[in-house]
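**Q** I'm passing along entry_29.pdb; it holds PDB, C-alpha atoms, pLDDT in the B column.
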```pdb
MODEL        1
ATOM      1  CA  MET S1308       8.815  -8.982  16.748  1.00 62.00           C
ATOM      2  CA  GLY S1309       5.147  -8.179  17.267  1.00 83.00           C
ATOM      3  CA  ALA S1310       2.449  -8.950  14.703  1.00 92.00           C
ATOM      4  CA  ILE S1311       1.102  -5.990  12.716  1.00 95.00           C
ATOM      5  CA  LEU S1312      -1.360  -8.070  10.691  1.00 95.00           C
ATOM      6  CA  GLU S1313      -2.751 -11.513  11.559  1.00 96.00           C
ATOM      7  CA  LEU S1314      -5.184 -13.229   9.190  1.00 96.00           C
ATOM      8  CA  SER S1315      -6.589 -16.582  10.300  1.00 96.00           C
ATOM      9  CA  ASP S1316      -8.649 -18.687   7.849  1.00 95.00           C
ATOM     10  CA  VAL S1317      -9.888 -15.513   6.135  1.00 95.00           C
ATOM     11  CA  THR S1318     -12.338 -15.980   3.265  1.00 94.00           C
ATOM     12  CA  VAL S1319     -14.183 -13.383   1.190  1.00 94.00           C
ATOM     13  CA  ARG S1320     -17.200 -14.548  -0.788  1.00 92.00           C
ATOM     14  CA  ARG S1321     -19.271 -12.633  -3.336  1.00 89.00           C
ATOM     15  CA  GLY S1322     -22.469 -14.514  -4.018  1.00 87.00           C
ATOM     16  CA  GLU S1323     -21.470 -18.111  -4.673  1.00 86.00           C
ATOM     17  CA  ARG S1324     -17.911 -17.226  -5.634  1.00 90.00           C
ATOM     18  CA  ILE S1325     -14.947 -17.177  -3.274  1.00 92.00           C
ATOM     19  CA  ILE S1326     -12.722 -14.279  -4.383  1.00 92.00           C
ATOM     20  CA  LEU S1327     -10.129 -14.665  -1.628  1.00 94.00           C
ATOM     21  CA  GLY S1328      -9.032 -17.424   0.689  1.00 87.00           C
ATOM     22  CA  PRO S1329      -8.976 -19.309   2.816  1.00 93.00           C
ATOM     23  CA  LEU S1330      -5.887 -17.321   3.766  1.00 94.00           C
ATOM     24  CA  ASN S1331      -3.544 -17.473   6.747  1.00 96.00           C
ATOM     25  CA  TRP S1332      -0.992 -14.672   6.736  1.00 97.00           C
ATOM     26  CA  GLN S1333       1.054 -12.695   9.219  1.00 96.00           C
ATOM     27  CA  VAL S1334       3.016  -9.446   8.854  1.00 97.00           C
ATOM     28  CA  LEU S1335       5.494  -8.650  11.623  1.00 96.00           C
ATOM     29  CA  GLU S1336       7.090  -5.390  12.734  1.00 93.00           C
ATOM     30  CA  GLY S1337       9.876  -4.266  10.428  1.00 90.00           C
ATOM     31  CA  GLN S1338       8.851  -6.479   7.522  1.00 94.00           C
ATOM     32  CA  ARG S1339       8.442  -5.164   3.964  1.00 96.00           C
ATOM     33  CA  TRP S1340       5.941  -7.273   2.022  1.00 97.00           C
ATOM     34  CA  VAL S1341       4.907  -7.308  -1.621  1.00 97.00           C
ATOM     35  CA  VAL S1342       1.628  -8.911  -2.718  1.00 97.00           C
ATOM     36  CA  LEU S1343       1.758 -10.172  -6.309  1.00 95.00           C
ATOM     37  CA  GLY S1344      -0.577 -11.896  -8.707  1.00 93.00           C
ATOM     38  CA  PRO S1345      -2.467 -11.566 -12.002  1.00 92.00           C
ATOM     39  CA  ASN S1346      -5.704  -9.624 -12.432  1.00 90.00           C
ATOM     40  CA  GLY S1347      -8.467 -11.136 -10.329  1.00 88.00           C
ATOM     41  CA  ALA S1348      -6.044 -12.732  -7.879  1.00 91.00           C
ATOM     42  CA  GLY S1349      -7.635 -11.001  -4.873  1.00 92.00           C
ATOM     43  CA  LYS S1350      -4.879  -8.453  -4.202  1.00 93.00           C
ATOM     44  CA  THR S1351      -7.146  -5.401  -3.931  1.00 90.00           C
ATOM     45  CA  THR S1352      -9.639  -7.304  -1.784  1.00 92.00           C
ATOM     46  CA  LEU S1353      -6.822  -8.279   0.575  1.00 95.00           C
ATOM     47  CA  LEU S1354      -5.678  -4.667   0.836  1.00 93.00           C
ATOM     48  CA  GLN S1355      -9.233  -3.531   1.620  1.00 92.00           C
ATOM     49  CA  ILE S1356      -9.392  -6.065   4.462  1.00 93.00           C
ATOM     50  CA  CYS S1357      -6.009  -5.000   5.829  1.00 94.00           C
ATOM     51  CA  SER S1358      -7.099  -1.356   5.821  1.00 91.00           C
ATOM     52  CA  SER S1359     -10.401  -2.242   7.605  1.00 91.00           C
ATOM     53  CA  LEU S1360     -12.474  -1.007   4.646  1.00 89.00           C
ATOM     54  CA  ILE S1361     -14.252  -4.367   4.321  1.00 89.00           C
ATOM     55  CA  HIS S1362     -14.742  -7.371   6.603  1.00 91.00           C
ATOM     56  CA  PRO S1363     -14.080 -10.977   5.596  1.00 92.00           C
ATOM     57  CA  THR S1364     -16.999 -13.345   5.090  1.00 93.00           C
ATOM     58  CA  LYS S1365     -15.294 -15.855   7.371  1.00 94.00           C
ATOM     59  CA  GLY S1366     -12.216 -15.934   9.538  1.00 94.00           C
ATOM     60  CA  GLN S1367     -10.526 -13.534  11.903  1.00 94.00           C
ATOM     61  CA  ILE S1368      -8.220 -10.605  11.281  1.00 94.00           C
ATOM     62  CA  LYS S1369      -6.214  -8.584  13.753  1.00 95.00           C
ATOM     63  CA  ILE S1370      -4.814  -5.225  12.672  1.00 95.00           C
ATOM     64  CA  LEU S1371      -2.273  -3.582  14.986  1.00 95.00           C
ATOM     65  CA  GLY S1372      -3.393  -5.937  17.740  1.00 91.00           C
ATOM     66  CA  GLU S1373      -7.083  -5.060  17.358  1.00 92.00           C
ATOM     67  CA  GLN S1374      -9.617  -7.618  16.162  1.00 91.00           C
ATOM     68  CA  LEU S1375     -11.714  -6.424  13.248  1.00 88.00           C
ATOM     69  CA  GLY S1376     -15.354  -6.424  14.305  1.00 86.00           C
ATOM     70  CA  LYS S1377     -14.503  -5.568  17.911  1.00 89.00           C
ATOM     71  CA  VAL S1378     -12.809  -2.199  17.404  1.00 88.00           C
ATOM     72  CA  ASP S1379     -13.774   1.308  16.279  1.00 88.00           C
ATOM     73  CA  VAL S1380     -12.509   1.181  12.688  1.00 86.00           C
ATOM     74  CA  PHE S1381     -12.501   4.972  12.372  1.00 84.00           C
ATOM     75  CA  GLU S1382     -10.001   5.181  15.208  1.00 86.00           C
ATOM     76  CA  LEU S1383      -8.019   2.245  13.816  1.00 88.00           C
ATOM     77  CA  ARG S1384      -7.738   3.830  10.357  1.00 86.00           C
ATOM     78  CA  THR S1385      -5.827   6.807  11.779  1.00 85.00           C
ATOM     79  CA  ARG S1386      -2.986   4.335  12.489  1.00 90.00           C
ATOM     80  CA  ILE S1387      -2.903   3.021   8.898  1.00 92.00           C
ATOM     81  CA  GLY S1388      -1.411   4.788   5.886  1.00 91.00           C
ATOM     82  CA  LEU S1389      -3.183   3.837   2.645  1.00 90.00           C
ATOM     83  CA  THR S1390      -2.895   4.659  -1.044  1.00 89.00           C
ATOM     84  CA  SER S1391      -5.381   3.339  -3.600  1.00 84.00           C
ATOM     85  CA  SER S1392      -7.138   4.351  -6.807  1.00 80.00           C
ATOM     86  CA  ALA S1393     -10.446   4.365  -4.904  1.00 79.00           C
ATOM     87  CA  LEU S1394      -9.025   6.931  -2.481  1.00 80.00           C
ATOM     88  CA  VAL S1395      -7.943   9.223  -5.332  1.00 82.00           C
ATOM     89  CA  GLU S1396     -11.512   9.267  -6.638  1.00 84.00           C
ATOM     90  CA  GLN S1397     -12.717  10.612  -3.281  1.00 85.00           C
ATOM     91  CA  ILE S1398     -10.306  13.573  -3.242  1.00 87.00           C
ATOM     92  CA  SER S1399     -11.746  16.762  -4.698  1.00 88.00           C
ATOM     93  CA  PRO S1400      -9.808  17.938  -7.774  1.00 90.00           C
ATOM     94  CA  GLU S1401     -10.132  21.471  -6.331  1.00 91.00           C
ATOM     95  CA  GLU S1402      -8.236  20.577  -3.151  1.00 90.00           C
ATOM     96  CA  LEU S1403      -4.772  22.066  -2.738  1.00 90.00           C
ATOM     97  CA  VAL S1404      -2.012  19.454  -2.714  1.00 93.00           C
ATOM     98  CA  MET S1405      -0.764  20.740   0.638  1.00 91.00           C
ATOM     99  CA  ASP S1406      -4.244  20.255   2.121  1.00 89.00           C
ATOM    100  CA  VAL S1407      -4.535  16.748   0.647  1.00 91.00           C
ATOM    101  CA  VAL S1408      -1.513  15.807   2.745  1.00 92.00           C
ATOM    102  CA  LEU S1409      -2.391  17.847   5.840  1.00 87.00           C
ATOM    103  CA  THR S1410      -5.920  16.477   6.231  1.00 84.00           C
ATOM    104  CA  ALA S1411      -4.542  12.962   6.682  1.00 83.00           C
ATOM    105  CA  ALA S1412      -3.619  14.035  10.234  1.00 74.00           C
ATOM    106  CA  TYR S1413      -7.367  13.895  10.991  1.00 66.00           C
ATOM    107  CA  ALA S1414      -8.106  11.003   8.593  1.00 66.00           C
ATOM    108  CA  MET S1415     -10.150  13.431   6.500  1.00 68.00           C
ATOM    109  CA  LEU S1416     -10.344  13.896   2.730  1.00 68.00           C
ATOM    110  CA  GLY S1417     -10.913  17.648   2.592  1.00 64.00           C
ATOM    111  CA  ARG S1418     -10.058  20.816   4.484  1.00 66.00           C
ATOM    112  CA  TRP S1419     -12.871  22.030   6.707  1.00 65.00           C
ATOM    113  CA  GLN S1420     -12.614  23.857  10.065  1.00 63.00           C
ATOM    114  CA  GLU S1421      -9.800  21.887  11.658  1.00 64.00           C
ATOM    115  CA  LYS S1422      -6.637  23.728  12.720  1.00 70.00           C
ATOM    116  CA  TYR S1423      -3.063  22.811  11.809  1.00 73.00           C
ATOM    117  CA  ASP S1424       0.032  24.106  13.523  1.00 72.00           C
ATOM    118  CA  LEU S1425       3.497  24.836  12.187  1.00 82.00           C
ATOM    119  CA  TRP S1426       4.641  21.284  12.989  1.00 83.00           C
ATOM    120  CA  ASP S1427       1.864  19.819  10.812  1.00 85.00           C
ATOM    121  CA  GLU S1428       2.702  22.128   7.930  1.00 87.00           C
ATOM    122  CA  SER S1429       6.431  21.441   8.248  1.00 91.00           C
ATOM    123  CA  ARG S1430       5.865  17.675   8.263  1.00 92.00           C
ATOM    124  CA  ALA S1431       3.594  17.844   5.213  1.00 91.00           C
ATOM    125  CA  MET S1432       6.164  19.889   3.306  1.00 93.00           C
ATOM    126  CA  ALA S1433       8.981  17.543   4.370  1.00 93.00           C
ATOM    127  CA  LEU S1434       7.040  14.544   3.070  1.00 93.00           C
ATOM    128  CA  LEU S1435       6.295  16.228  -0.249  1.00 94.00           C
ATOM    129  CA  THR S1436      10.005  17.030  -0.488  1.00 93.00           C
ATOM    130  CA  ALA S1437      10.991  13.431   0.293  1.00 90.00           C
ATOM    131  CA  LEU S1438       8.694  12.237  -2.512  1.00 90.00           C
ATOM    132  CA  GLY S1439      10.136  14.776  -4.957  1.00 88.00           C
ATOM    133  CA  VAL S1440       7.022  16.956  -5.328  1.00 91.00           C
ATOM    134  CA  ARG S1441       7.672  19.869  -2.954  1.00 92.00           C
ATOM    135  CA  GLU S1442       6.933  22.397  -5.702  1.00 93.00           C
ATOM    136  CA  LEU S1443       3.369  21.060  -6.106  1.00 91.00           C
ATOM    137  CA  GLY S1444       2.174  22.183  -2.671  1.00 91.00           C
ATOM    138  CA  GLU S1445       0.062  25.086  -3.953  1.00 91.00           C
ATOM    139  CA  ARG S1446      -1.238  23.282  -7.040  1.00 94.00           C
ATOM    140  CA  LEU S1447      -4.755  21.866  -7.302  1.00 94.00           C
ATOM    141  CA  PHE S1448      -4.843  18.094  -6.927  1.00 92.00           C
ATOM    142  CA  GLY S1449      -6.905  17.744 -10.112  1.00 91.00           C
ATOM    143  CA  SER S1450      -4.188  19.445 -12.159  1.00 94.00           C
ATOM    144  CA  LEU S1451      -1.559  16.794 -11.385  1.00 92.00           C
ATOM    145  CA  SER S1452      -0.421  13.945 -13.594  1.00 88.00           C
ATOM    146  CA  GLU S1453      -1.090  10.365 -12.504  1.00 85.00           C
ATOM    147  CA  GLY S1454       2.499   9.993 -11.356  1.00 85.00           C
ATOM    148  CA  GLU S1455       2.352  13.198  -9.319  1.00 89.00           C
ATOM    149  CA  LYS S1456      -0.906  12.084  -7.710  1.00 90.00           C
ATOM    150  CA  LYS S1457       0.706   8.819  -6.633  1.00 88.00           C
ATOM    151  CA  ARG S1458       3.558  10.651  -4.927  1.00 90.00           C
ATOM    152  CA  VAL S1459       1.172  13.019  -3.168  1.00 92.00           C
ATOM    153  CA  GLN S1460      -0.886  10.027  -2.038  1.00 91.00           C
ATOM    154  CA  ILE S1461       2.167   8.404  -0.465  1.00 92.00           C
ATOM    155  CA  ALA S1462       3.041  11.655   1.316  1.00 93.00           C
ATOM    156  CA  ARG S1463      -0.537  11.753   2.593  1.00 92.00           C
ATOM    157  CA  ALA S1464      -0.343   8.117   3.729  1.00 92.00           C
ATOM    158  CA  LEU S1465       2.751   8.938   5.811  1.00 92.00           C
ATOM    159  CA  MET S1466       1.406  12.175   7.311  1.00 91.00           C
ATOM    160  CA  ALA S1467      -0.082  10.629  10.460  1.00 85.00           C
ATOM    161  CA  ASP S1468       3.091   8.597  11.151  1.00 89.00           C
ATOM    162  CA  PRO S1469       1.261   5.289  10.584  1.00 92.00           C
ATOM    163  CA  GLU S1470       2.138   1.961  12.167  1.00 93.00           C
ATOM    164  CA  LEU S1471       1.151   0.150   8.964  1.00 95.00           C
ATOM    165  CA  LEU S1472       1.657   1.402   5.398  1.00 95.00           C
ATOM    166  CA  LEU S1473      -0.408  -0.092   2.538  1.00 95.00           C
ATOM    167  CA  LEU S1474       0.507   0.947  -1.016  1.00 94.00           C
ATOM    168  CA  ASP S1475      -1.717  -0.190  -3.891  1.00 92.00           C
ATOM    169  CA  GLU S1476       0.308  -0.252  -7.138  1.00 90.00           C
ATOM    170  CA  PRO S1477       2.372   2.867  -6.337  1.00 89.00           C
ATOM    171  CA  ALA S1478       4.443   2.632  -9.538  1.00 87.00           C
ATOM    172  CA  SER S1479       1.718   1.761 -12.046  1.00 81.00           C
ATOM    173  CA  SER S1480       1.181   4.105 -15.019  1.00 77.00           C
ATOM    174  CA  LEU S1481       4.561   5.778 -14.440  1.00 83.00           C
ATOM    175  CA  ASP S1482       7.154   6.067 -17.189  1.00 86.00           C
ATOM    176  CA  LEU S1483      10.534   4.392 -16.708  1.00 89.00           C
ATOM    177  CA  GLY S1484      12.211   7.415 -15.146  1.00 89.00           C
ATOM    178  CA  GLY S1485       9.292   8.127 -12.837  1.00 87.00           C
ATOM    179  CA  ARG S1486       9.058   4.492 -11.765  1.00 89.00           C
ATOM    180  CA  GLU S1487      12.742   4.138 -10.974  1.00 91.00           C
ATOM    181  CA  ASP S1488      12.875   7.427  -9.079  1.00 90.00           C
ATOM    182  CA  LEU S1489       9.825   6.535  -6.983  1.00 89.00           C
ATOM    183  CA  LEU S1490      11.056   3.013  -6.211  1.00 92.00           C
ATOM    184  CA  LYS S1491      14.384   4.455  -5.087  1.00 91.00           C
ATOM    185  CA  ARG S1492      12.585   6.864  -2.739  1.00 89.00           C
ATOM    186  CA  ILE S1493      10.396   4.078  -1.339  1.00 90.00           C
ATOM    187  CA  ALA S1494      13.477   1.921  -0.756  1.00 90.00           C
ATOM    188  CA  THR S1495      15.260   4.773   1.015  1.00 89.00           C
ATOM    189  CA  PHE S1496      12.264   5.341   3.266  1.00 85.00           C
ATOM    190  CA  ALA S1497      11.909   1.617   4.017  1.00 84.00           C
ATOM    191  CA  SER S1498      15.554   1.391   5.072  1.00 85.00           C
ATOM    192  CA  ASP S1499      14.806   3.616   8.085  1.00 85.00           C
ATOM    193  CA  LEU S1500      14.586   1.419  11.177  1.00 81.00           C
ATOM    194  CA  LEU S1501      11.646   3.521  12.387  1.00 84.00           C
ATOM    195  CA  ALA S1502       9.640   3.052   9.169  1.00 88.00           C
ATOM    196  CA  PRO S1503       6.330   1.188   9.595  1.00 92.00           C
ATOM    197  CA  ALA S1504       5.672  -2.329   8.361  1.00 94.00           C
ATOM    198  CA  THR S1505       4.822  -2.022   4.676  1.00 95.00           C
ATOM    199  CA  VAL S1506       2.643  -3.965   2.236  1.00 96.00           C
ATOM    200  CA  ILE S1507       2.905  -3.086  -1.469  1.00 95.00           C
ATOM    201  CA  VAL S1508       0.497  -4.519  -4.028  1.00 95.00           C
ATOM    202  CA  THR S1509       1.678  -4.772  -7.636  1.00 92.00           C
ATOM    203  CA  HIS S1510       1.169  -6.748 -10.851  1.00 87.00           C
ATOM    204  CA  HIS S1511       4.805  -6.567 -11.915  1.00 90.00           C
ATOM    205  CA  ILE S1512       7.909  -7.887 -10.177  1.00 93.00           C
ATOM    206  CA  GLU S1513       9.928  -5.062 -11.763  1.00 93.00           C
ATOM    207  CA  GLU S1514       8.021  -2.719  -9.427  1.00 93.00           C
ATOM    208  CA  ILE S1515       9.253  -4.417  -6.245  1.00 95.00           C
ATOM    209  CA  PRO S1516      11.603  -1.949  -4.481  1.00 94.00           C
ATOM    210  CA  THR S1517      14.912  -3.006  -2.998  1.00 93.00           C
ATOM    211  CA  GLY S1518      14.665  -3.763   0.709  1.00 92.00           C
ATOM    212  CA  THR S1519      11.515  -5.870   0.269  1.00 95.00           C
ATOM    213  CA  THR S1520      11.812  -8.770   2.706  1.00 95.00           C
ATOM    214  CA  HIS S1521       8.770 -10.974   2.020  1.00 97.00           C
ATOM    215  CA  ALA S1522       6.303 -11.797  -0.739  1.00 97.00           C
ATOM    216  CA  LEU S1523       2.778 -13.210  -0.991  1.00 97.00           C
ATOM    217  CA  LEU S1524       1.850 -14.630  -4.411  1.00 97.00           C
ATOM    218  CA  LEU S1525      -1.856 -15.047  -5.167  1.00 96.00           C
ATOM    219  CA  CYS S1526      -3.819 -16.559  -8.034  1.00 94.00           C
ATOM    220  CA  GLU S1527      -7.620 -16.668  -8.232  1.00 92.00           C
ATOM    221  CA  GLY S1528      -7.869 -15.859  -4.539  1.00 92.00           C
ATOM    222  CA  SER S1529      -5.581 -18.679  -3.413  1.00 94.00           C
ATOM    223  CA  VAL S1530      -2.013 -18.600  -2.118  1.00 96.00           C
ATOM    224  CA  ILE S1531       0.627 -19.923  -4.514  1.00 96.00           C
ATOM    225  CA  ALA S1532       3.500 -19.137  -2.145  1.00 97.00           C
ATOM    226  CA  GLN S1533       4.444 -16.858   0.740  1.00 97.00           C
ATOM    227  CA  GLY S1534       7.619 -16.198   2.704  1.00 96.00           C
ATOM    228  CA  ASP S1535      11.046 -14.679   2.087  1.00 96.00           C
ATOM    229  CA  VAL S1536      10.922 -12.738  -1.165  1.00 96.00           C
ATOM    230  CA  GLY S1537      13.681 -14.759  -2.830  1.00 94.00           C
ATOM    231  CA  SER S1538      11.929 -18.058  -2.119  1.00 95.00           C
ATOM    232  CA  VAL S1539       8.612 -16.813  -3.548  1.00 97.00           C
ATOM    233  CA  ILE S1540       9.734 -14.970  -6.688  1.00 96.00           C
ATOM    234  CA  THR S1541      10.873 -18.037  -8.627  1.00 96.00           C
ATOM    235  CA  ASP S1542      10.395 -19.457 -12.127  1.00 96.00           C
ATOM    236  CA  SER S1543       8.092 -22.236 -10.953  1.00 96.00           C
ATOM    237  CA  ASN S1544       5.912 -20.079  -8.696  1.00 96.00           C
ATOM    238  CA  LEU S1545       5.376 -17.329 -11.272  1.00 96.00           C
ATOM    239  CA  THR S1546       4.765 -19.908 -13.999  1.00 96.00           C
ATOM    240  CA  MET S1547       2.025 -21.435 -11.850  1.00 95.00           C
ATOM    241  CA  ALA S1548       0.466 -18.059 -10.995  1.00 94.00           C
ATOM    242  CA  TYR S1549       0.473 -16.550 -14.482  1.00 92.00           C
ATOM    243  CA  GLY S1550      -0.158 -19.668 -16.529  1.00 91.00           C
ATOM    244  CA  LEU S1551       2.816 -19.509 -18.891  1.00 92.00           C
ATOM    245  CA  PRO S1552       6.501 -20.393 -18.625  1.00 95.00           C
ATOM    246  CA  ILE S1553       8.356 -17.521 -16.944  1.00 95.00           C
ATOM    247  CA  THR S1554      12.036 -16.994 -16.243  1.00 96.00           C
ATOM    248  CA  VAL S1555      13.018 -14.768 -13.315  1.00 95.00           C
ATOM    249  CA  THR S1556      16.322 -12.949 -12.891  1.00 94.00           C
ATOM    250  CA  SER S1557      17.485 -10.747 -10.035  1.00 92.00           C
ATOM    251  CA  GLU S1558      20.099  -8.043  -9.725  1.00 90.00           C
ATOM    252  CA  GLY S1559      20.900  -5.722  -6.835  1.00 87.00           C
ATOM    253  CA  GLY S1560      17.787  -6.660  -4.910  1.00 88.00           C
ATOM    254  CA  ARG S1561      15.487  -6.115  -7.920  1.00 93.00           C
ATOM    255  CA  PHE S1562      13.588  -8.777  -9.885  1.00 94.00           C
ATOM    256  CA  PHE S1563      12.819  -9.082 -13.617  1.00 94.00           C
ATOM    257  CA  ALA S1564      10.680 -11.546 -15.538  1.00 92.00           C
ATOM    258  CA  ARG S1565      10.181 -12.662 -19.131  1.00 92.00           C
ATOM    259  CA  ALA S1566       8.198 -15.386 -20.852  1.00 90.00           C
ATOM    260  CA  ARG S1567      10.248 -18.387 -21.966  1.00 81.00           C
TER     261      ARG S1567
ENDMDL
END
```
Give the structure from this file in structure tokens form.
**A**
Amino acid sequence: MGAILELSDVTVRRGERIILGPLNWQVLEGQRWVVLGPNGAGKTTLLQICSSLIHPTKGQIKILGEQLGKVDVFELRTRIGLTSSALVEQISPEELVMDVVLTAAYAMLGRWQEKYDLWDESRAMALLTALGVRELGERLFGSLSEGEKKRVQIARALMADPELLLLDEPASSLDLGGREDLLKRIATFASDLLAPATVIVTHHIEEIPTGTTHALLLCEGSVIAQGDVGSVITDSNLTMAYGLPITVTSEGGRFFARAR
């Protein structure tokens, strides 16, 4: 399998403080990763690096075979599907939901003078349908609930048929029904052999969808553990990361945690 992401001795420093690293990490084709850790662990910073939005202070990163710093990032970003709270803030609340998804084909955040054909429109509608929000196509983005916005964001992230999919807390702020429905849809999508390599960032192990193959556990910018998901999501590793005794259980490919 080819490498989708390759991070070698990556460090991110802000002033005198190291907020991530040094980190060595590799994501291969077909893998489904989850990045876990408490607040301030460096998860969002890592996702920004992997999406080419920021550069590391030290170290080397290759994204889809291209070395960051030696590639046109605007061209590279068209090959990456991304959802994040920062992205939501850049989308106009007056934008139609259908256009929010369509404009991802040009890596844009608003409809302008570009032209879309029937194939583009059909794909956008199919993605909204797959995420359970087909009926929202003609609604204004600003009128949606937080859960609806997350689903639309994922549809947008998939619009350009990315080679790498990065999802930042896709199930946060959802109620139980909304969370379980979305995780089921993500798992169904990930089971497709043609689906891109995926990295999901979350605070909670209950939000890890079935089909996840690998996990990276961070704490204060450092790696606690990485590898096969079952070997990382353990009592001892989570206890070390979160600073209190934690018991982990698993059922049907899902994980659950409670304090001892």
**Q** Return the single residue from S:Glu1487, S:Glu1402, S:Asp1427, S:Glu1476 that is closest to Ser1450 (chain S), with distances computed using all atoms listed in the file.
**A** S:Glu1402
**Q** Go through S:Glu1442, S:Asp1475, S:Glu1382, S:Glu1470 one by one, measure the shortest atom-to-atom distance of each to Val1508 (chain S) using all atoms listed in the file, and give the residue with the smallest value.
**A** S:Asp1475
**Q** So that I can see what lies close to Glu1558 (chain S), please list as a list in words the residues with an atom at most 12 Å from it, counting all atoms listed in the file and leaving out residues fewer than 5 positions away in the same chain.
**A**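 My reading of the contact set: Glu1513, Ile1515, Pro1516, Thr1517, Gly1537, Phe1563 and Ala1564 of chain S.
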**Q** Enumerate, as a list in words, the residues matched when the PyMOL selection byres ((chain S and resi 1520) around 9) is run on the file above.
**A**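 For this structure, the PyMOL selection byres ((chain S and resi 1520) around 9) captures Gln1338, Arg1339, Trp1340, Val1341, Thr1517, Gly1518, Thr1519, His1521, Ala1522, Gly1534, Asp1535, Val1536 and Gly1537 of chain S.
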**Q** Smallest atom-to-atom distance to Arg1492 (chain S): which of S:Leu1434, S:Ala1464, S:Leu1551, S:Leu1525, using only C-alpha atoms?
**A** S:Leu1434
**Q** Around all listed atoms of region 1533-1544 of chain S, padded 5 Å per side, what centre and edge lengths does the axis-aligned box have in Å to one decimal, as JSON?
**A**
```
{"center_x": 9.1, "center_y": -17.5, "center_z": -4.7, "size_x": 19.2, "size_y": 19.5, "size_z": 24.8}
```
**Q** So which residues get picked by the PyMOL selection byres ((chain S and resi 1468) around 9) here, written as an mmCIF file with C-alpha atoms, in the coordinates of the input?
**A**
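The resulting selection.cif:
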```cif
data_model
loop_
_atom_site.group_PDB
_atom_site.id
_atom_site.type_symbol
_atom_site.label_atom_id
_atom_site.label_comp_id
_atom_site.auth_asym_id
_atom_site.auth_seq_id
_atom_site.Cartn_x
_atom_site.Cartn_y
_atom_site.Cartn_z
ATOM 1 C CA ARG S 1386 -2.986 4.335 12.489
ATOM 2 C CA ILE S 1387 -2.903 3.021 8.898
ATOM 3 C CA GLY S 1388 -1.411 4.788 5.886
ATOM 4 C CA ALA S 1412 -3.619 14.035 10.234
ATOM 5 C CA ALA S 1464 -0.343 8.117 3.729
ATOM 6 C CA LEU S 1465 2.751 8.938 5.811
ATOM 7 C CA MET S 1466 1.406 12.175 7.311
ATOM 8 C CA ALA S 1467 -0.082 10.629 10.460
ATOM 9 C CA PRO S 1469 1.261 5.289 10.584
ATOM 10 C CA GLU S 1470 2.138 1.961 12.167
ATOM 11 C CA LEU S 1471 1.151 0.150 8.964
ATOM 12 C CA ALA S 1502 9.640 3.052 9.169
ATOM 13 C CA PRO S 1503 6.330 1.188 9.595
#
```
**Q** Write out as a short mmCIF file (atom, residue, chain, number, x, y, z; two decimals) with C-alpha atoms, keeping the file's coordinate frame each polymer residue whose atoms come within 7 Å of region 1314-1329 of chain S, counting all atoms listed in the file; drop sequence neighbours fewer than 3 positions from it.
**A**
```
data_model
loop_
_atom_site.label_atom_id
_atom_site.label_comp_id
_atom_site.auth_asym_id
_atom_site.auth_seq_id
_atom_site.Cartn_x
_atom_site.Cartn_y
_atom_site.Cartn_z
CA TRP S 1332 -0.99 -14.67 6.74
CA GLN S 1333 1.05 -12.70 9.22
CA GLY S 1349 -7.64 -11.00 -4.87
CA PRO S 1363 -14.08 -10.98 5.60
CA THR S 1364 -17.00 -13.34 5.09
CA LYS S 1365 -15.29 -15.86 7.37
CA GLY S 1366 -12.22 -15.93 9.54
CA GLN S 1367 -10.53 -13.53 11.90
CA ILE S 1368 -8.22 -10.60 11.28
CA LYS S 1369 -6.21 -8.58 13.75
CA GLU S 1527 -7.62 -16.67 -8.23
CA GLY S 1528 -7.87 -15.86 -4.54
CA SER S 1529 -5.58 -18.68 -3.41
#
```
**Q** Can you translate the PyMOL selection byres ((chain S and resi 1358) around 8) into the concrete residues it hits in this file, as a list in words?
**A**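 Applied to this file, the PyMOL selection byres ((chain S and resi 1358) around 8) selects Leu1354, Gln1355, Ile1356, Cys1357, Ser1359, Leu1360, Ile1361, Arg1384, Ile1387, Leu1389 and Leu1473 of chain S.
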**Q** Calculated over all atoms listed in the file, which of the candidates S:Gly1439, S:Arg1463, S:His1362, S:Glu1396 has the smallest distance to Val1408 (chain S)?
**A**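 Ranking S:Gly1439, S:Arg1463, S:His1362, S:Glu1396 by distance to Val1408 (chain S), first place goes to S:Arg1463.
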**Q** I'd like the interatomic distance between CA of Ala1532 (chain S) and CA of Glu1514 (chain S), to a tenth of an Å.
**A**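 CA of Glu1514 (chain S) lies 18.5 Å from CA of Ala1532 (chain S).
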**Q** For CA of Leu1438 (chain S) and CA of Leu1371 (chain S), determine how far apart the two atoms are, in Å to one decimal place.
**A**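 We find that CA of Leu1438 (chain S) and CA of Leu1371 (chain S) lie 26.0 Å from each other.
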**Q** CA of Ile1553 (chain S) and CA of Ser1538 (chain S), how far apart in Å?
**A**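 Computing it gives 15.3 Å between the two atoms.
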**Q** Using only C-alpha atoms for the distances, tell me which of S:Leu1524, S:Ala1431, S:Met1547, S:Ala1566 is nearest to Gly1344 (chain S).
**A** S:Leu1524
**Q** Calculated over only C-alpha atoms, which of the candidates S:Gly1337, S:Gly1484, S:Gly1444, S:Gly1559 has the smallest distance to Leu1312 (chain S)?
**A** S:Gly1337
